[in-house]
Amino acid sequence: MKQRLIIDMDDVMADATGQFIDTYEKEFGVRVARESLNGKTEGAGWPHPQEVLYQFTFRPQFFRTMRVNEGAQEVVRQLNEKYSVFIVSSAMEFPNSLREKLDWLKEHFPFLHWKQFVFCGSKSIVHGDYMIDDLPHNLDTFGGRRLLFTAPHNMQFTQYERLNNWREVGALLL
Ligand SMILES: [Mg+2]
């Protein structure tokens, strides 16, 4: 039986940080440098308080138009041959994101079946052999091998095995 691999969407498959940077620039005319967010918790490090950033996530198209992180499509395609892959996203926090995330996955990862998509609340319900996620609190409750995908807001964490990009994911798991 294939091993089960759990993969997160925002800031793992999709460039959520880039979407915040682009949206912020359109709104306020200031382009925040990605590096300036390094080591700061999610939503921190911006000129405006994080509530302002949080509001972006309720806008139509916010999740639908995210860019795909470099290398994600090709590596996930190969992982999908070797593992039992599930895409798991805590989408319940943003109800409008459910349809947008589904459409985004169908567009950019057409080789995955809808049965491989899990939109949930808490990820503590999830079991598997490997989990790739950018948020340590999602990895905390996972019983398998925990893999932290590098994002600006997790640079300060050292308790988990780190993967900096999709090339490193492929090197470890393929
Ligand atoms: Mg994420």
# chains A, B, ... in the order shown; residues from 1 in each chain; ligands from 1
>>> closest_atom_pairs(of="segment 81-152 of chain A", to="segment 34-40 of chain A", cutoff="12 Å", atoms="only C-alpha atoms", output="JSON lines")
{"residue": "A:Thr150", "atom": "CA", "partner": "A:Asn38", "partner_atom": "CA", "distance": 10.1}
{"residue": "A:Ala151", "atom": "CA", "partner": "A:Asn38", "partner_atom": "CA", "distance": 7.8}
{"residue": "A:Pro152", "atom": "CA", "partner": "A:Asn38", "partner_atom": "CA", "distance": 4.1}
>>> select_by_dssp(residues="chain A", states="helix (DSSP H, G or I)", output="ChimeraX atom specification")
/A:16-28,34-37,50-56,72-82,91-93,97-108,114-116,123-125,136-140,152-154,166-173
>>> residues_near_ligand(ligand="ligand 1", cutoff="7 Å", atoms="only C-alpha atoms and all ligand atoms", output="PyMOL selection string")
chain A and resi 8-12+133-135
>>> write_last_selection(atoms="N, CA and C atoms", output="JSON list (two decimals), in the first residue's frame")
[["chain", "number", "residue", "atom", "x", "y", "z"],
["A", 8, "ASP", "N", -0.33, 20.79, 2.06],
["A", 8, "ASP", "CA", -1.09, 22.02, 2.31],
["A", 8, "ASP", "C", -1.13, 22.88, 1.05],
["A", 9, "MET", "N", -2.10, 23.80, 0.99],
["A", 9, "MET", "CA", -2.20, 24.69, -0.19],
["A", 9, "MET", "C", -1.49, 26.03, 0.02],
["A", 10, "ASP", "N", -2.04, 26.88, 0.90],
["A", 10, "ASP", "CA", -1.52, 28.25, 1.03],
["A", 10, "ASP", "C", -0.09, 28.27, 1.55],
["A", 11, "ASP", "N", 0.76, 28.92, 0.80],
["A", 11, "ASP", "CA", 2.19, 29.05, 1.08],
["A", 11, "ASP", "C", 2.93, 27.70, 1.03],
["A", 12, "VAL", "N", 2.33, 26.73, 0.39],
["A", 12, "VAL", "CA", 3.03, 25.49, 0.05],
["A", 12, "VAL", "C", 2.86, 25.25, -1.46],
["A", 133, "ASP", "N", 3.60, 21.33, 5.43],
["A", 133, "ASP", "CA", 2.78, 22.49, 5.80],
["A", 133, "ASP", "C", 3.72, 23.63, 6.20],
["A", 134, "ASP", "N", 3.23, 24.85, 6.03],
["A", 134, "ASP", "CA", 4.05, 26.01, 6.41],
["A", 134, "ASP", "C", 3.75, 26.49, 7.83],
["A", 135, "LEU", "N", 2.71, 25.95, 8.46],
["A", 135, "LEU", "CA", 2.34, 26.42, 9.81],
["A", 135, "LEU", "C", 2.66, 25.35, 10.85]]
>>> atom_distance(atom1="atom CA of Tyr130 of chain A", atom2="atom CA of Ile7 of chain A")
8.4 Å
>>> select_by_dssp(residues="segment 26-166 of chain A", states="strand (DSSP E)", output="list in words")
Ser84, Val85, Phe86, Ile87, Val88, Ser89, Phe117, Val118, Phe119, Tyr130, Met131, Ile132, Asp133, Arg145, Arg146, Leu147, Leu148, Phe149, Glu161, Arg162 and Leu163 of chain A
>>> write_last_selection(atoms="C-alpha atoms", output="mmCIF file, in the first residue's frame")
data_model
loop_
_atom_site.group_PDB
_atom_site.id
_atom_site.type_symbol
_atom_site.label_atom_id
_atom_site.label_comp_id
_atom_site.auth_asym_id
_atom_site.auth_seq_id
_atom_site.Cartn_x
_atom_site.Cartn_y
_atom_site.Cartn_z
ATOM 1 C CA SER A 84 -1.389 8.365 -1.774
ATOM 2 C CA VAL A 85 -1.582 12.163 -1.961
ATOM 3 C CA PHE A 86 -4.192 14.289 -0.183
ATOM 4 C CA ILE A 87 -4.389 18.056 -0.458
ATOM 5 C CA VAL A 88 -5.572 19.297 2.939
ATOM 6 C CA SER A 89 -6.524 22.919 3.507
ATOM 7 C CA PHE A 117 -9.071 17.183 -1.785
ATOM 8 C CA VAL A 118 -9.904 17.708 1.890
ATOM 9 C CA PHE A 119 -11.182 21.117 2.974
ATOM 10 C CA TYR A 130 4.064 12.648 5.793
ATOM 11 C CA MET A 131 2.685 16.150 6.105
ATOM 12 C CA ILE A 132 4.038 19.216 4.307
ATOM 13 C CA ASP A 133 2.784 22.489 5.804
ATOM 14 C CA ARG A 145 6.817 12.739 9.596
ATOM 15 C CA ARG A 146 6.404 16.502 9.853
ATOM 16 C CA LEU A 147 7.889 18.661 7.120
ATOM 17 C CA LEU A 148 7.899 22.460 7.414
ATOM 18 C CA PHE A 149 7.738 24.217 4.045
ATOM 19 C CA GLU A 161 12.523 19.267 9.422
ATOM 20 C CA ARG A 162 12.569 22.074 6.872
ATOM 21 C CA LEU A 163 12.044 22.009 3.114
#
>>> residues_around(residues="Asp22 of chain A", least_positions_apart="6", cutoff="12 Å", atoms="only C-alpha atoms", output="MDAnalysis selection string")
chainID A and resid 15:16 28:34 53 56 62 65:67
>>> residues_around(residues="Gly170 of chain A", least_positions_apart="3", cutoff="10 Å", atoms="only C-alpha atoms", output="PyMOL selection string")
chain A and resi 71-72+74-76+78-79+163+165-167+173-174
>>> closest_residue(among="A:Arg4, A:His48, A:Arg59, A:Arg99", to="His127 of chain A", atoms="only C-alpha atoms")
A:Arg4
>>> atom_distance(atom1="atom CA of Leu98 of chain A", atom2="atom CA of Thr141 of chain A")
23.4 Å
>>> decode(residues="segment 7-72 of chain A", atoms="C-alpha atoms", output="compact mmCIF listing (two decimals), in the first residue's frame")
# COMPACT_ATOMS: atom_id res chain seq x y z
CA ILE A 7 0.06 18.54 1.30
CA ASP A 8 -1.09 22.02 2.31
CA MET A 9 -2.20 24.69 -0.19
CA ASP A 10 -1.52 28.25 1.03
CA ASP A 11 2.19 29.05 1.08
CA VAL A 12 3.03 25.49 0.05
CA MET A 13 1.38 24.84 -3.33
CA ALA A 14 0.12 28.42 -3.73
CA ASP A 15 2.01 31.66 -3.23
CA ALA A 16 -0.26 33.15 -0.59
CA THR A 17 2.41 35.55 0.65
CA GLY A 18 2.80 36.87 -2.89
CA GLN A 19 -0.95 37.38 -3.12
CA PHE A 20 -0.91 39.43 0.10
CA ILE A 21 2.01 41.50 -1.23
CA ASP A 22 0.25 42.15 -4.56
CA THR A 23 -3.11 42.95 -2.94
CA TYR A 24 -1.48 45.26 -0.42
CA GLU A 25 0.33 47.12 -3.19
CA LYS A 26 -2.90 47.56 -5.18
CA GLU A 27 -4.68 48.81 -2.07
CA PHE A 28 -2.04 51.06 -0.53
CA GLY A 29 0.50 51.71 -3.30
CA VAL A 30 3.38 50.24 -1.30
CA ARG A 31 5.17 47.05 -2.26
CA VAL A 32 6.30 45.23 0.87
CA ALA A 33 9.51 43.25 0.32
CA ARG A 34 9.02 39.54 0.92
CA GLU A 35 12.32 39.38 2.83
CA SER A 36 11.11 42.07 5.26
CA LEU A 37 8.50 39.59 6.52
CA ASN A 38 11.07 36.95 7.40
CA GLY A 39 10.82 35.62 10.94
CA LYS A 40 7.62 37.50 11.76
CA THR A 41 4.41 35.70 12.61
CA GLU A 42 1.76 35.51 9.90
CA GLY A 43 0.14 38.92 9.39
CA ALA A 44 2.88 40.76 11.30
CA GLY A 45 5.56 42.98 9.75
CA TRP A 46 3.21 45.03 7.55
CA PRO A 47 2.73 48.81 7.79
CA HIS A 48 -0.95 48.20 8.62
CA PRO A 49 -2.24 46.04 11.50
CA GLN A 50 -2.88 42.43 10.62
CA GLU A 51 -6.67 42.88 10.71
CA VAL A 52 -6.31 44.87 7.48
CA LEU A 53 -4.46 41.99 5.82
CA TYR A 54 -6.99 39.50 7.16
CA GLN A 55 -9.80 41.34 5.35
CA PHE A 56 -8.12 40.60 2.01
CA THR A 57 -8.88 36.90 2.48
CA PHE A 58 -12.63 37.54 2.31
CA ARG A 59 -12.44 39.22 -1.10
CA PRO A 60 -13.70 37.35 -4.17
CA GLN A 61 -10.86 35.94 -6.29
CA PHE A 62 -8.24 36.23 -3.53
CA PHE A 63 -7.71 32.47 -3.37
CA ARG A 64 -8.67 31.78 -6.98
CA THR A 65 -5.90 33.93 -8.51
CA MET A 66 -2.91 32.89 -6.41
CA ARG A 67 0.21 31.95 -8.34
CA VAL A 68 1.45 28.39 -8.18
CA ASN A 69 4.73 28.06 -6.30
CA GLU A 70 7.65 27.22 -8.56
CA GLY A 71 8.05 23.52 -9.22
CA ALA A 72 4.89 22.51 -7.35
